[in-house]
Amino acid sequence: MSTRISSGLLLALVLGGCGEQTADRNVLAQVEARQRNDAEERGLIVCAQHGSNDFARVCTVDRVAAADGLVLTVSHPDGSFHRLLVTKDGRGVIAADGAEKAVVTVIGQDSIEVALGGDRYRLPATVKGATARGS
């Protein structure tokens with residue numbers, strides 16, 4: 001009998017601890033989502049420069065409506081930048097100028113990664129398909 005009670009007590013303690021961890025994870029997820037939204041409102045996006053795998057939310061993006069579509073000027077903290085065109089003809093995101101092509105990869109239901117000239121940018125997007133495409 002005492003073994004059953006002890007086992008039951010141990011199970012209750014373990015489950016209680018799991019509940020706290022789940023609550024902590026939920027709070028952490030909410031804080032991260034709030035920080036991400038605040039950063040996006042300030043125009044900050046996640047990027048990696050010069051072929052690095054070190055992504056950070058340090059790049060800025062300026063948006064300007066143009067006849068061909070929305071032009072995004074994505075700038076790094078060091079002043080380097082790329083201009084991207086969000087086309088109206090279904091091609092998605094392409095390089096707005098220069099000889100290099102933008103390579104677009106779908107990385108989530110609502111985000112893409114654009115690689116251009118060794119730099120990579122993670123942008124919010126409306127993804128119509130789940131395949132990668134280049135332009």
# chains A, B, ... in the order shown; residues from 1 in each chain; ligands from 1
$ residues_around --residues "stretch 103-106 of chain A" --least-positions-apart "2" --cutoff "12 Å" --atoms "only C-alpha atoms" --output "PyMOL selection string"
chain A and resi 84+86+91-95+100-101+108-135
$ residues_around --residues "A:Val61" --least-positions-apart "6" --cutoff "9 Å" --atoms "only C-alpha atoms" --output "MDAnalysis selection string"
chainID A and resid 43:45 72:75
$ atom_distance --atom1 "atom CA of A:Gly98" --atom2 "atom CA of A:Val46"
22.4 Å
$ residues_around --residues "A:Asp89" --least-positions-apart "5" --cutoff "12 Å" --atoms "only C-alpha atoms" --output "PyMOL selection string"
chain A and resi 67-70+94
$ decode --residues "stretch 103-118 of chain A" --atoms "all heavy atoms" --output "CSV table (one decimal), in the first residue's frame"
chain,number,residue,atom,x,y,z
A,103,VAL,N,18.0,34.1,-55.0
A,103,VAL,CA,17.5,32.7,-54.9
A,103,VAL,C,16.6,32.7,-53.7
A,103,VAL,O,17.0,33.0,-52.6
A,103,VAL,CB,18.7,31.7,-54.7
A,103,VAL,CG1,18.1,30.3,-54.5
A,103,VAL,CG2,19.6,31.8,-55.9
A,104,VAL,N,15.3,32.3,-53.9
A,104,VAL,CA,14.3,32.3,-52.9
A,104,VAL,C,14.0,30.9,-52.4
A,104,VAL,O,13.8,30.0,-53.3
A,104,VAL,CB,13.0,33.0,-53.4
A,104,VAL,CG1,11.9,33.0,-52.3
A,104,VAL,CG2,13.3,34.4,-53.9
A,105,THR,N,14.0,30.7,-51.1
A,105,THR,CA,13.7,29.4,-50.6
A,105,THR,C,12.6,29.5,-49.5
A,105,THR,O,12.6,30.4,-48.7
A,105,THR,CB,14.9,28.8,-49.8
A,105,THR,OG1,16.0,28.7,-50.8
A,105,THR,CG2,14.6,27.4,-49.3
A,106,VAL,N,11.6,28.7,-49.6
A,106,VAL,CA,10.5,28.7,-48.7
A,106,VAL,C,11.0,28.1,-47.4
A,106,VAL,O,11.5,26.9,-47.5
A,106,VAL,CB,9.2,28.0,-49.2
A,106,VAL,CG1,8.1,27.9,-48.1
A,106,VAL,CG2,8.7,28.7,-50.5
A,107,ILE,N,10.9,28.7,-46.3
A,107,ILE,CA,11.4,28.2,-45.0
A,107,ILE,C,10.3,28.0,-44.0
A,107,ILE,O,10.5,27.4,-42.9
A,107,ILE,CB,12.6,29.0,-44.4
A,107,ILE,CG1,12.1,30.4,-44.1
A,107,ILE,CG2,13.8,28.9,-45.3
A,107,ILE,CD1,13.2,31.2,-43.4
A,108,GLY,N,9.1,28.3,-44.3
A,108,GLY,CA,8.0,28.2,-43.4
A,108,GLY,C,6.7,28.6,-44.1
A,108,GLY,O,6.7,29.0,-45.3
A,109,GLN,N,5.6,28.4,-43.4
A,109,GLN,CA,4.3,28.7,-44.0
A,109,GLN,C,4.1,30.2,-44.3
A,109,GLN,O,3.4,30.6,-45.2
A,109,GLN,CB,3.1,28.3,-43.1
A,109,GLN,CG,3.0,26.8,-43.1
A,109,GLN,CD,1.8,26.4,-42.2
A,109,GLN,OE1,1.4,27.1,-41.3
A,109,GLN,NE2,1.3,25.2,-42.4
A,110,ASP,N,4.9,31.0,-43.6
A,110,ASP,CA,4.7,32.5,-43.7
A,110,ASP,C,6.1,33.2,-43.8
A,110,ASP,O,6.2,34.4,-43.5
A,110,ASP,CB,3.9,33.1,-42.6
A,110,ASP,CG,4.5,32.8,-41.2
A,110,ASP,OD1,5.6,32.1,-41.2
A,110,ASP,OD2,4.0,33.3,-40.2
A,111,SER,N,7.1,32.5,-44.3
A,111,SER,CA,8.4,33.1,-44.5
A,111,SER,C,9.2,32.5,-45.6
A,111,SER,O,9.1,31.3,-45.9
A,111,SER,CB,9.2,33.1,-43.1
A,111,SER,OG,9.3,31.7,-42.7
A,112,ILE,N,10.1,33.3,-46.1
A,112,ILE,CA,11.1,32.9,-47.1
A,112,ILE,C,12.5,33.3,-46.8
A,112,ILE,O,12.6,34.2,-45.9
A,112,ILE,CB,10.7,33.5,-48.5
A,112,ILE,CG1,10.7,35.0,-48.5
A,112,ILE,CG2,9.4,32.9,-49.0
A,112,ILE,CD1,10.5,35.7,-49.8
A,113,GLU,N,13.4,32.7,-47.4
A,113,GLU,CA,14.8,33.2,-47.3
A,113,GLU,C,15.3,33.6,-48.7
A,113,GLU,O,15.1,32.8,-49.6
A,113,GLU,CB,15.7,32.1,-46.7
A,113,GLU,CG,17.1,32.5,-46.5
A,113,GLU,CD,18.0,31.5,-45.8
A,113,GLU,OE1,17.7,31.2,-44.6
A,113,GLU,OE2,18.9,30.9,-46.4
A,114,VAL,N,15.8,34.8,-48.7
A,114,VAL,CA,16.3,35.3,-50.0
A,114,VAL,C,17.8,35.4,-49.9
A,114,VAL,O,18.4,36.0,-49.0
A,114,VAL,CB,15.7,36.7,-50.3
A,114,VAL,CG1,16.3,37.2,-51.7
A,114,VAL,CG2,14.2,36.6,-50.4
A,115,ALA,N,18.5,34.7,-50.8
A,115,ALA,CA,20.0,34.7,-50.9
A,115,ALA,C,20.4,35.5,-52.1
A,115,ALA,O,19.9,35.3,-53.2
A,115,ALA,CB,20.5,33.3,-51.0
A,116,LEU,N,21.3,36.5,-51.8
A,116,LEU,CA,21.7,37.4,-52.9
A,116,LEU,C,23.1,37.9,-52.6
A,116,LEU,O,23.4,38.5,-51.6
A,116,LEU,CB,20.8,38.5,-53.0
A,116,LEU,CG,21.0,39.6,-54.1
A,116,LEU,CD1,21.0,39.0,-55.5
A,116,LEU,CD2,20.0,40.7,-54.0
A,117,GLY,N,24.1,37.5,-53.5
A,117,GLY,CA,25.5,38.0,-53.3
A,117,GLY,C,26.1,37.6,-52.0
A,117,GLY,O,26.9,38.3,-51.4
A,118,GLY,N,25.9,36.4,-51.5
A,118,GLY,CA,26.5,35.9,-50.3
A,118,GLY,C,25.7,36.3,-49.1
A,118,GLY,O,26.1,35.9,-48.0
